[in-house]
>>> print(open('coords-v4.csv').read())   # CSV, C-alpha atoms
chain,number,residue,atom,x,y,z
K,32,MET,CA,-151.6,41.8,147.1
K,33,ARG,CA,-150.4,42.7,143.6
K,34,LYS,CA,-147.2,44.7,143.0
K,35,LEU,CA,-147.6,48.4,142.0
K,36,THR,CA,-146.4,49.5,138.6
K,37,ALA,CA,-144.0,52.3,138.1
K,38,ARG,CA,-146.7,54.5,136.9
K,39,GLU,CA,-148.8,53.9,140.0
K,40,ILE,CA,-145.8,54.6,142.2
K,41,VAL,CA,-145.1,57.9,140.5
K,42,LEU,CA,-148.8,58.9,140.8
K,43,LEU,CA,-148.8,58.1,144.5
K,44,LEU,CA,-145.7,60.2,145.1
K,45,VAL,CA,-147.2,63.1,143.2
K,46,VAL,CA,-150.5,62.9,145.1
K,47,GLY,CA,-148.6,62.6,148.5
K,48,GLY,CA,-146.4,65.6,147.6
K,49,VAL,CA,-149.4,67.8,146.7
K,50,ALA,CA,-151.2,66.8,150.0
K,51,ILE,CA,-148.1,67.7,152.1
K,52,LEU,CA,-147.7,71.0,150.3
K,53,GLY,CA,-151.4,71.8,150.8
K,54,TRP,CA,-151.1,71.0,154.5
K,55,VAL,CA,-148.0,73.1,154.9
K,56,TYR,CA,-149.3,76.2,153.1
K,57,SER,CA,-152.9,76.0,154.5
K,58,GLY,CA,-151.7,76.9,158.0
K,59,GLY,CA,-151.8,73.5,159.3
K,60,GLY,CA,-149.0,74.3,161.8
K,61,GLY,CA,-146.4,72.3,159.9
K,62,LEU,CA,-143.0,73.4,158.5
K,63,GLY,CA,-143.5,77.2,158.6
K,64,GLY,CA,-147.2,77.2,158.3
K,65,GLY,CA,-149.4,79.3,160.4
K,66,SER,CA,-148.3,79.7,164.0
K,67,GLY,CA,-151.6,80.6,165.4
K,68,ASP,CA,-150.7,84.2,166.6
K,69,ALA,CA,-150.6,85.9,163.2
K,70,GLN,CA,-152.0,89.4,163.2
K,71,ASP,CA,-154.9,90.2,160.9
K,72,LEU,CA,-153.8,92.8,158.3
K,73,SER,CA,-157.0,94.9,158.9
K,74,GLU,CA,-155.9,95.6,162.5
K,75,LEU,CA,-152.6,97.2,161.5
K,76,ASP,CA,-152.3,101.0,162.0
K,77,TYR,CA,-150.3,102.7,159.3
K,78,GLY,CA,-151.1,106.3,160.5
K,79,GLU,CA,-152.5,109.1,158.4
K,80,PRO,CA,-151.6,109.3,154.7
K,81,PRO,CA,-149.2,112.1,153.7
K,82,VAL,CA,-150.7,115.3,152.3
K,83,VAL,CA,-149.3,116.5,149.0
K,84,GLU,CA,-149.6,120.2,148.3
K,85,LEU,CA,-149.9,120.4,144.5
K,86,ALA,CA,-149.7,124.2,144.5
K,87,ARG,CA,-146.1,124.2,145.7
K,88,LEU,CA,-144.9,121.9,143.0
K,89,GLU,CA,-142.9,123.5,140.2
K,90,VAL,CA,-144.6,123.6,136.8
K,91,ALA,CA,-142.5,124.1,133.8
K,92,PRO,CA,-144.4,125.9,131.0
K,93,VAL,CA,-144.8,123.9,127.8
K,94,ARG,CA,-144.7,125.9,124.6
K,95,TYR,CA,-146.6,124.8,121.6
K,96,ASP,CA,-144.5,123.9,118.6
K,97,ALA,CA,-146.4,123.9,115.3
K,98,GLU,CA,-143.6,122.0,113.6
K,99,ALA,CA,-143.7,119.1,116.1
K,100,ARG,CA,-145.2,115.8,115.4
K,101,ASN,CA,-149.0,115.6,116.0
K,102,LEU,CA,-150.1,112.2,117.3
K,103,PHE,CA,-153.7,112.9,116.3
K,104,ALA,CA,-153.1,113.7,112.6
K,105,TYR,CA,-152.6,111.2,109.9
K,106,TYR,CA,-149.9,112.0,107.5
K,107,VAL,CA,-148.5,110.1,104.5
K,108,PRO,CA,-145.1,111.3,103.5
K,109,PRO,CA,-144.6,112.0,99.8
K,110,PRO,CA,-142.6,109.3,97.9
K,111,PRO,CA,-139.0,110.1,97.4
K,112,LYS,CA,-138.2,111.8,94.1
K,113,ARG,CA,-136.2,109.6,91.7
K,114,PRO,CA,-134.3,111.0,88.8
K,115,ALA,CA,-135.9,110.4,85.5
K,116,PRO,CA,-134.3,107.5,83.6
K,117,PRO,CA,-132.3,108.4,80.5
K,118,PRO,CA,-134.3,108.1,77.3
K,119,ARG,CA,-133.6,104.8,75.4
K,120,LYS,CA,-132.3,105.0,71.9
K,121,THR,CA,-134.3,102.5,69.9
K,122,THR,CA,-134.1,102.0,66.2
K,123,PRO,CA,-137.2,100.7,64.5
K,124,PRO,CA,-136.9,97.3,62.8
K,125,PRO,CA,-136.7,97.3,59.1
K,126,ARG,CA,-140.0,97.1,57.4
K,127,GLN,CA,-140.9,93.9,55.7
K,128,ALA,CA,-143.7,93.1,53.3
K,129,PRO,CA,-146.3,91.0,55.0
K,130,PRO,CA,-146.5,87.4,53.8
K,131,PRO,CA,-149.3,86.7,51.4
K,132,ARG,CA,-152.5,85.5,53.0
K,133,VAL,CA,-153.7,82.1,51.9
K,134,VAL,CA,-157.3,81.6,52.4
K,135,GLN,CA,-158.5,78.1,52.7
K,136,GLN,CA,-162.1,77.3,52.6
K,137,ARG,CA,-163.3,74.7,55.0
K,138,PRO,CA,-166.5,72.8,54.5
K,139,PRO,CA,-169.1,74.0,56.9
K,140,THR,CA,-169.4,71.8,59.9
K,141,PRO,CA,-172.9,70.8,60.9
K,142,PRO,CA,-174.0,72.0,64.3
K,143,PRO,CA,-173.9,69.4,67.0
K,144,PRO,CA,-177.1,67.6,67.6
K,145,VAL,CA,-179.2,69.2,70.2
K,146,THR,CA,-180.0,66.7,73.0
K,147,PRO,CA,-183.1,67.6,75.0
K,148,LYS,CA,-182.4,68.3,78.6
K,149,ALA,CA,-184.1,65.9,81.0
K,150,PRO,CA,-186.5,67.4,83.5
K,151,ARG,CA,-185.4,67.9,87.1
K,152,PRO,CA,-187.1,65.4,89.5
K,153,ASN,CA,-189.8,67.0,91.6
K,154,PHE,CA,-189.2,64.9,94.7
K,155,ARG,CA,-186.5,65.0,97.4
K,156,TYR,CA,-184.2,62.3,98.7
K,157,ILE,CA,-184.7,62.1,102.5
K,158,GLY,CA,-182.8,58.8,103.3
K,159,PHE,CA,-182.8,55.1,102.7
K,160,LEU,CA,-183.9,51.9,104.4
K,161,GLY,CA,-182.5,48.4,104.6
K,162,PRO,CA,-179.0,46.8,104.6
K,163,LYS,CA,-176.1,48.3,102.6
K,164,ASP,CA,-176.4,45.6,99.9
K,165,ASN,CA,-180.2,46.1,99.3
K,166,LYS,CA,-181.0,49.7,100.0
K,167,ILE,CA,-184.5,51.3,99.4
K,168,ALA,CA,-184.6,55.0,98.7
K,169,VAL,CA,-187.1,57.1,100.8
K,170,LEU,CA,-188.3,60.1,98.7
K,171,GLU,CA,-190.6,63.0,99.6
K,172,HIS,CA,-193.1,64.1,96.9
K,173,GLY,CA,-195.3,66.8,98.3
K,174,ASP,CA,-197.2,65.1,101.2
K,175,GLU,CA,-196.4,61.6,99.9
K,176,VAL,CA,-193.5,59.3,100.9
K,177,LEU,CA,-192.2,57.2,98.0
K,178,LEU,CA,-190.0,54.1,98.3
K,179,ALA,CA,-187.9,52.6,95.5
K,180,ALA,CA,-185.1,50.2,95.2
K,181,VAL,CA,-182.3,50.2,92.5
K,182,GLY,CA,-184.0,49.8,89.1
K,183,GLU,CA,-187.5,50.4,90.2
K,184,PRO,CA,-189.5,53.2,88.5
K,185,ILE,CA,-190.5,56.3,90.4
K,186,LEU,CA,-193.7,58.1,89.2
K,187,ASN,CA,-193.3,56.3,85.9
K,188,LEU,CA,-190.7,58.9,84.7
K,189,TYR,CA,-187.6,58.2,86.8
K,190,LYS,CA,-185.7,55.2,88.2
K,191,VAL,CA,-183.1,54.7,91.0
K,192,VAL,CA,-179.7,54.1,89.4
K,193,GLU,CA,-177.3,54.1,92.3
K,194,PHE,CA,-176.7,55.1,95.9
K,195,LYS,CA,-173.7,57.2,96.7
K,196,TYR,CA,-172.6,58.7,100.0
K,197,GLU,CA,-175.4,61.2,100.9
K,198,MET,CA,-176.5,61.2,97.3
K,199,LEU,CA,-179.0,59.4,95.1
K,200,VAL,CA,-178.4,59.0,91.4
K,201,VAL,CA,-181.7,59.0,89.5
K,202,GLY,CA,-182.1,58.0,85.8
K,203,TYR,CA,-185.0,58.4,83.4
K,204,THR,CA,-187.3,55.7,82.0
K,205,GLU,CA,-188.0,57.6,78.7
K,206,GLU,CA,-185.7,56.6,75.7
K,207,ARG,CA,-184.7,60.1,74.8
K,208,PHE,CA,-183.3,60.7,78.3
K,209,ALA,CA,-182.0,57.2,78.9
K,210,ASP,CA,-178.3,58.2,78.9
K,211,GLN,CA,-178.8,61.1,81.4
K,212,THR,CA,-178.7,60.9,85.2
K,213,THR,CA,-179.4,63.4,88.0
K,214,GLU,CA,-177.8,63.4,91.5
K,215,LEU,CA,-180.1,64.3,94.3
K,216,PRO,CA,-178.4,65.3,97.6
K,217,LEU,CA,-179.7,64.0,100.9
K,218,LYS,CA,-182.1,66.5,102.5
K,219,ARG,CA,-181.0,67.8,105.9
>>> encode(input="coords-v4.csv", output="structure tokens")
Amino acid sequence: MRKLTAREIVLLLVVGGVAILGWVYSGGGGLGGGSGDAQDLSELDYGEPPVVELARLEVAPVRYDAEARNLFAYYVPPPPKRPAPPPRKTTPPPRQAPPPRVVQQRPPTPPPPVTPKAPRPNFRYIGFLGPKDNKIAVLEHGDEVLLAAVGEPILNLYKVVEFKYEMLVVGYTEERFADQTTELPLKR
């Protein structure tokens, strides 16, 4: 037989104490529990209840006071009146001649080159297959399901660049959009 730990001993004492208290207070006949001859409270006779004659009570008349506080009316007190501040004596600063304006002409800067915006992919990223080192993207394009690994073309316009947490980074196969990418969130 193994020796009980301190935790198990404390647990046994608590369970035993609760069992004893339950036995005592449930009328088990123990230390002050039920004695067996307790009267049912519904059998006790308290007699007739007293009669209160409301007409004989004194009623003090209450007079209406129009100046009294009305609990049912909302009132915002006016702000306290403050005395007007004394006027400030200010002297205008002495007038000075404005400095001469020097106009420098800058050479016109050419507008930045307009880079065409890449088209948004018309498919949705719905998940991936395979191990974490060699994932394959699962894409939904209308009724079709497309599969593509990193670097493989999708619909001859896009390619998978990278997998992120719940995100797929898609690049473009055309040269004019080669430096642009689009992130597609995982469809829920």
>>> closest_residue(input="coords-v4.csv", among="K:Ala179, K:Leu199, K:Val169, K:Ala209", to="Ala149 of chain K", atoms="all atoms listed in the file")
K:Ala209
>>> atom_distance(input="coords-v4.csv", atom1="atom CA of Thr213 of chain K", atom2="atom CA of Lys190 of chain K")
10.3 Å
>>> residues_around(input="coords-v4.csv", residues="Asn187 of chain K", least_positions_apart="6", cutoff="12 Å", atoms="all atoms listed in the file", output="NGL selection string")
:K and (152 or 179 or 202-205)
>>> atom_distance(input="coords-v4.csv", atom1="atom CA of Pro143 of chain K", atom2="atom CA of Leu215 of chain K")
28.5 Å
>>> atom_distance(input="coords-v4.csv", atom1="atom CA of Pro147 of chain K", atom2="atom CA of Lys195 of chain K")
25.8 Å
>>> closest_residue(input="coords-v4.csv", among="K:Ala37, K:Leu217, K:Leu102, K:Leu85", to="Tyr196 of chain K", atoms="only C-alpha atoms")
K:Leu217
>>> closest_residue(input="coords-v4.csv", among="K:Pro123, K:Pro92, K:Gly173, K:Pro216", to="Ile157 of chain K", atoms="all atoms listed in the file")
K:Pro216
>>> closest_residue(input="coords-v4.csv", among="K:Asn153, K:Thr146, K:Glu74, K:Val176", to="Asp210 of chain K", atoms="only C-alpha atoms")
K:Thr146
>>> closest_residue(input="coords-v4.csv", among="K:Arg155, K:Lys166, K:Lys218, K:Leu35", to="Val201 of chain K", atoms="all atoms listed in the file")
K:Arg155
>>> build_atoms(input="coords-v4.csv", residues="segment 34-45 of chain K", atoms="N, CA and C atoms", output="PDB file, in the coordinates of the input")
ATOM      1  N   LYS K  34    -148.285  43.712 142.940  1.00  0.00           N
ATOM      2  CA  LYS K  34    -147.200  44.700 143.000  1.00  0.00           C
ATOM      3  C   LYS K  34    -147.575  45.913 142.171  1.00  0.00           C
ATOM      4  N   LEU K  35    -147.246  47.103 142.702  1.00  0.00           N
ATOM      5  CA  LEU K  35    -147.600  48.400 142.000  1.00  0.00           C
ATOM      6  C   LEU K  35    -146.669  48.574 140.831  1.00  0.00           C
ATOM      7  N   THR K  36    -147.242  49.144 139.770  1.00  0.00           N
ATOM      8  CA  THR K  36    -146.400  49.500 138.600  1.00  0.00           C
ATOM      9  C   THR K  36    -145.704  50.774 138.821  1.00  0.00           C
ATOM     10  N   ALA K  37    -144.732  51.061 137.971  1.00  0.00           N
ATOM     11  CA  ALA K  37    -144.000  52.300 138.100  1.00  0.00           C
ATOM     12  C   ALA K  37    -144.857  53.513 137.931  1.00  0.00           C
ATOM     13  N   ARG K  38    -145.819  53.413 137.087  1.00  0.00           N
ATOM     14  CA  ARG K  38    -146.700  54.500 136.900  1.00  0.00           C
ATOM     15  C   ARG K  38    -147.562  54.812 138.116  1.00  0.00           C
ATOM     16  N   GLU K  39    -148.031  53.755 138.768  1.00  0.00           N
ATOM     17  CA  GLU K  39    -148.800  53.900 140.000  1.00  0.00           C
ATOM     18  C   GLU K  39    -147.977  54.488 141.115  1.00  0.00           C
ATOM     19  N   ILE K  40    -146.717  54.074 141.203  1.00  0.00           N
ATOM     20  CA  ILE K  40    -145.800  54.600 142.200  1.00  0.00           C
ATOM     21  C   ILE K  40    -145.599  56.089 142.062  1.00  0.00           C
ATOM     22  N   VAL K  41    -145.335  56.510 140.812  1.00  0.00           N
ATOM     23  CA  VAL K  41    -145.100  57.900 140.500  1.00  0.00           C
ATOM     24  C   VAL K  41    -146.387  58.727 140.850  1.00  0.00           C
ATOM     25  N   LEU K  42    -147.530  58.201 140.505  1.00  0.00           N
ATOM     26  CA  LEU K  42    -148.800  58.900 140.800  1.00  0.00           C
ATOM     27  C   LEU K  42    -149.011  59.028 142.294  1.00  0.00           C
ATOM     28  N   LEU K  43    -148.708  57.985 143.080  1.00  0.00           N
ATOM     29  CA  LEU K  43    -148.800  58.100 144.500  1.00  0.00           C
ATOM     30  C   LEU K  43    -147.897  59.106 145.115  1.00  0.00           C
ATOM     31  N   LEU K  44    -146.655  59.183 144.617  1.00  0.00           N
ATOM     32  CA  LEU K  44    -145.700  60.200 145.100  1.00  0.00           C
ATOM     33  C   LEU K  44    -146.181  61.598 144.792  1.00  0.00           C
ATOM     34  N   VAL K  45    -146.712  61.809 143.601  1.00  0.00           N
ATOM     35  CA  VAL K  45    -147.200  63.100 143.200  1.00  0.00           C
ATOM     36  C   VAL K  45    -148.381  63.536 144.105  1.00  0.00           C
TER      37      VAL K  45
END
